[in-house]
Structure formats: structure tokens, C-alpha cells
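Engineer: Below are the C-alpha cells for one structure; questions will follow.
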There are 2 protein chains.
Amino acid sequence: MIIIGEKINGTLKKVAQAIQERDASFIARLAESQTAAGAAYLDVNAGTPPEQEMDDLAWLIQVVQDRVDTPICVDSANPKALAAVLPILKKPGMINSVNGEPDRLEAVLPLARRHQAKVIALLMDEKGIPETAVGRMEVARKIATAAREQGIEDEQVYFDPLVMAIATKPDAGRIFLETLRLLKQEFPEARTVSGLSNISFGLPQRRLLNQAFLVATMTAGLDAVILDPLDTKLMALLRAAEAVLGRDEYCVRYLRAYREGRLAES
Amino acid sequence: MIIIGEKINGTLKKVAQAIQERDASFIARLAESQTAAGAAYLDVNAGTPPEQEMDDLAWLIQVVQDRVDTPICVDSANPKALAAVLPILKKPGMINSVNGEPDRLEAVLPLARRHQAKVIALLMDEKGIPETAVGRMEVARKIATAAREQGIEDEQVYFDPLVMAIATKPDAGRIFLETLRLLKQEFPEARTVSGLSNISFGLPQRRLLNQAFLVATMTAGLDAVILDPLDTKLMALLRAAEAVLGRDEYCVRYLRAYREGRLAES
């Protein structure tokens with residue numbers, strides 16, 4: 001499972017404060033601890049207004065790159081900010097995100113191509129999130145076509161089928177899994193990605209629902225997940241799921257996690 | 001999810017002692033607590049030698065039926081014991097188990113038919129457990145044919161695809177899930193069932209692996225599971241999985257479990 005660490009996010013209070021105060025050691029520690037916990041990418045989101053975002057993102061990326069070699073997932077809706085910071089990435093990274101809106105695709109895909117960045121593609125467009133799996137696949141086709149036209153290979157694209165809150169959409173998990181199945185069928189080379197927390201919005205004991213959803217998406221073949229790798233309970237279950245699903249040959253990662261005391265809370 | 005409570009099992013030391021001492025209140029409490037925790041069936045296994053099994057099973061069933069209305073899953077490899085106790089079931093129950101061995105099918109299926117008992121059918125035969133999903137499906141066909149010949153409908157049959165230990169068979173989970181998929185395709189009316197603990201044999205933190213396997217099997221559409229309903233952590237995850245998979249409309253069971261304080265350990 002490709003883990004994208006979500007902790008360096010300026011919409012979180014402590015991170016916002018660290019950005020404002022240019023507290024490099026706080027950010028560097030988040031980069032280091034997430035990497036040690038298994039993150040293959042570090043999502044970096046400034047969470048600041050557009051006029052400030054470019055500077056903040058550039059600072060965050062430099063701080064992270066000074067501490068770890070983990071590639072970065074630049075999390076911004078602002079093509080200008082992306083254009084400004086992608087050149088400073090030391091390793092090919094990831095862009096979070098595009099969707100089916102033509103303007104976004106036009107602005108961001110050439111950047112992805114130029115900087116060999118992978119692209120997270122949300123299956124929604126200017127009309128919102130399609131209700132059905134079939135509707136989401138139409139958006140996927142639109143994005144895949146635009147990406148191919150830019151010379152971006154399918155395997156660089158990480159489709160996010162999008163999950164909504166089951167509290168208001170009881171079918172949300174089923175539609176997600178159905179979309180995932182259709183994506184694997186139609187775009188076998190493309191990757192798939194998801195966050196975990198939307199599904200549990202509005203319900204009690206959200207971590208339990210997020211844990212169950214994580215294992216469900218892995219069973220359906222999800223390739224990458226955006227999560228908090230410092231959540232030891234969630235990560236322990238992820239390692240266990242890899243083992244039972246045959247995605248961790250001879251349980252190598254599971255047993256290493258055990259030896260390092262990271263499976264303690266069962 | 002149809003939950004079959006596994007606690008009344010004479011291979012467990014305390015249960016064995018209760019059976020030997022005819023400690024009815026110990027057994028009755030296990031029946032009551034598993035039912036309260038959500039068991040739809042109570043597995044009853046005497047765990048004693050054949051010459052004693054019939055009496056012990058009959059006693060256990062009477063004790064359980066005196067306390068709860070939950071139907072019973074009679075767990076015995078001994079057709080004579082089954083023949084003796086099935087007539088005392090107050091409600092149509094379940095037989096655990098048959099497999100593809102002709103002798104077993106011949107001895108047990110007529111009893112199932114006569115007593116309207118559902119039948120757990122293990123996908124193995126006199127040659128052992130087939131390595132592949134395709135091999136296990138051959139056993140399923142043999143069992144389904146024999147059951148139909150006895151006038152037993154497919155929906156009375158609970159196929160167990162059988163899971164082995166990933167410590168020695170890294171593919172065990174994958175083969176299980178593939179067999180499950182093929183069963184759903186070829187026998188859409190039949191049900192599917194599994195225990196959870198074989199997969200984790202020989203590995204540390206087994207509960208974590210069993211939890212992940214539970215959610216994986218539910219994602220793949222497993223209908224019934226044999227587990228310890230008094231394991232609050234496992235049951236909390238089961239309720240969460242039902243909710244995220246759209247198998248708990250409007251999260252009714254999840255929210256009830258929450259209100260009753262049964263989702264505490266997340």
C-alpha cells in the first residue's frame with residue numbers, strides 16, 4: 001500500500017501556527033516521523049490564502065526536503081502555486097489534485113508532464129460529484145483522455161473515486177467500491193487513491209469506521225491512501241490487511257512492524 | 001452479517017469443565033451473553049469422545065434452549081450424535097459441518113433435510129483441501145449436487161471456502177477471497193461462512209490479523225461468520241464494516257451499538 005502522509009496540512013491548527021511562525025523544526029519532525037512510520041509520500045498543504053500560499057508552500061517544501069528524502073505530494077488547488085513550487089522538488093512528486101474541470105486539467109496537466117509528477121484525479125467536475133459509479137467513470141474517461149493527450153501515461157494518474165458520508169448517503173461506501181472495480185477494469189494501468197475520513201462524517205467513533213473503510217478499500221484493490229501514519233492503530237490494521245490480502249509477501253512488513261513495537265494496540 | 005457465536009465449545013478448558021460438572025448456569029450465561037452481543041446462532045460443540053458426545057450435546061442444547069430462543073448450530077463430525085440431537089432442537093438450526101466426502105454427505109444431508117437444518121459445507125474432501133479456488137469449486141459442485149438430490153435448496157447451504165495460515169501459505173487469504181467470488185457467481189442463492197482465526201496461526205498479534213480478515217471477507221460479500229461475539233473490539237469493527245459497506249441501512253445497528261456502549265474501544 002502506498003501511504004501518503006497527511007499531517008503537514010495548514011488547515012490543522014498547530015501546523016498553521018508553525019507555518020506562521022516559520023517553526024521549521026516542528027514541520028521537519030512531522031516529515032521525519034511520518035516517513036519513519038511508512039509514508040511513501042508527504043502531502044504538503046499550506047492552507048493559506050492564494051496570495052500567501054506560494055511562499056508558504058515553498059518554505060514547507062524546503063523544510064521537508066532538508067530533513068527527509070521522501071517525495072512530496074503538493075496539495076493545492078492553485079495552478080500558479082503549483083507552477084512556482086514544482087521546480088524546487090528534488091524528486092518527482094505528486095500533485096493533489098485535478099478533477100474533470102477543463103480549466104483545471106488544462107492548467108495542471110502540462111505542469112505534471114513537465115515535472116514528471118503523478119496526479120491525483122478526483123472523479124468530479126464543474127457539475128459536482130456524480131451520484132453513480134457510471135457517472136464517475138465518465139469523469140475518469142474525460143481525465144484519462146486529457147492526460148493521454150498531454151503525454152501522461154495512465155500509471156501516473158491516481159484516480160480518487162470519492163467517498164461521501166454514509167450518515168447522509170448510506171450507499172456511499174458501495175458506490176466507492178463499485179467505482180474502484182470499474183476503474184480497475186477500464187484503466188488497469190492507472191492507480192487509485194482515497195482519503196479515509198469523509199465516510200464517517202457526522203457519526204460517532206469515526207476512527208472505527210475509517211479503520212473498516214481502509215480494509216474494505218484495500219480488499220477492493222486500492223493502491224494508495226492518504227492518512228495519518230502516526231495513527232498507530234490504523235497503521236497496525238493496514239499492515240495486518242496487507243498480510244491477509246497477500247500484499248505483504250511472507251508478512252515481511254507485518255513482522256517488522258511487530259518487532260519495532262508498532263503492532264502493540266490490538 | 002449473520003453471527004454464529006463460537007463460545008460454547010468443549011475444546012475450551014472452562015467449557016469442558018462446565019460440561020463435566022454439568023454446570024448449567026455457566027453454559028446458560030454463555031448462551032445469554034452471546035445472544036445479547038448479536039449472535040444469530042449459537043454453535044454448540046461438546047468436544048468429547050464419540051461415546052460421550054451424544055449425552056453431552058443433548059445436555060448442552062437443553063441448557064441453551066432453556067435460557068434463550070437463539071437457534072443452535074450443532075457442531076459435530078459424528079452423524080449418530082447429530083441424528084440423536086437434531087430432534088430436540090426447538091427451532092430449525094444449523095449443522096456444522098459436512099464436506100465433500102461421500103460418506104459424510106450421505107449420512108448428514110438426509111438429517112438436514114428432515115430437520116430443516118442449514119448445513120455448513122467445508123470445501124474439502126477425502127483428498128484434503130484443494131490448493132486452488134478452482135479445485136475448491138469442484139468440491140462445492142459435488143456438495144451442491146448431493147444437496148439438491150436430497151431436496152435441500154441452495155440457500156440452506158453455507159459454503160466455507162476454508163482459509164489456511166498465511167504464515168505458511170502467503171496466498172491463503174487471496175485464494176479464500178477468489179473462492180468466495182466464484183461461489184457467489186455460480187451459486188448466487190447459496191450462503192457463505194467462515195471462521196476467522198486460522199489465517200493468523202503462527203503469527204504475533206493474531207487478533208489484528210483476524211480483524212483485518214473479517215473486514216476483507218465482509219467486503220467480498222461473506223454472509224455469515226463464526227466468531228466470539230464477546231470480543232468487543234472485533235464486534236465493534238464488524239458493526240463499522242457493515243455501516244461502511246452499506247450492509248446496515250442508516251447505520252441502525254452501528255448507532256444502537258454505540259448507544260449501548262459497545263463501540264467504546266476504537
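We label chains A, B, ... in the order they appear in the C-alpha cells, count residues from 1 in each chain, and number ligands from 1 in the order shown.
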I need the contact residues of chain A against chain B, so if you could list those with any atom within 10 Å, counting only C-alpha atoms, and return them as a ChimeraX atom specification, that would help.
Structural biologist: /A:165-177,199-200,203-220,233-234,236-251,254-255,258-259,263-266
Engineer: Mind checking DSSP for stretch 26-260 of chain B and telling me the helix (DSSP H, G or I) residues as an MDAnalysis selection string?
Structural biologist: chainID B and resid 26:36 50:67 79:88 102:114 133:149 154:156 172:186 198:200 206:219 232:244 249:259
Engineer: Write out as number ranges by chain each polymer residue whose atoms come within 10 Å of B:Thr48, counting only C-alpha atoms; drop sequence neighbours fewer than 4 positions from it.
Structural biologist: B: 9-11, 16, 19-20, 52-57, 76
Engineer: How would the residues just chosen look if you wrote them out with C-alpha atoms as a short mmCIF file (atom, residue, chain, number, x, y, z; two decimals), in the first residue's frame?
Structural biologist:
data_model
loop_
_atom_site.label_atom_id
_atom_site.label_comp_id
_atom_site.auth_asym_id
_atom_site.auth_seq_id
_atom_site.Cartn_x
_atom_site.Cartn_y
_atom_site.Cartn_z
CA ASN B 9 -17.13 -25.28 22.71
CA GLY B 10 -15.88 -28.17 24.81
CA THR B 11 -12.37 -27.83 23.44
CA ALA B 16 -15.01 -28.62 29.16
CA ILE B 19 -19.73 -29.87 30.75
CA GLN B 20 -18.05 -32.37 33.02
CA GLN B 52 -19.92 -39.44 25.43
CA GLU B 53 -20.65 -36.78 22.83
CA MET B 54 -24.33 -37.59 22.34
CA ASP B 55 -25.22 -37.12 26.01
CA ASP B 56 -23.09 -34.01 26.37
CA LEU B 57 -24.52 -32.38 23.24
CA SER B 76 -20.19 -32.42 15.43
#
Engineer: Between atom CA of A:Val15 and atom CA of A:Ile27, what is the distance, to one decimal in Å?
Structural biologist: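 Value for the atom CA of A:Val15-atom CA of A:Ile27 distance: 7.4 Å.
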Engineer: What's the separation between atom CA of A:Glu149 and atom CA of A:Lys184, in Å to one decimal place?
Structural biologist: 20.7 Å
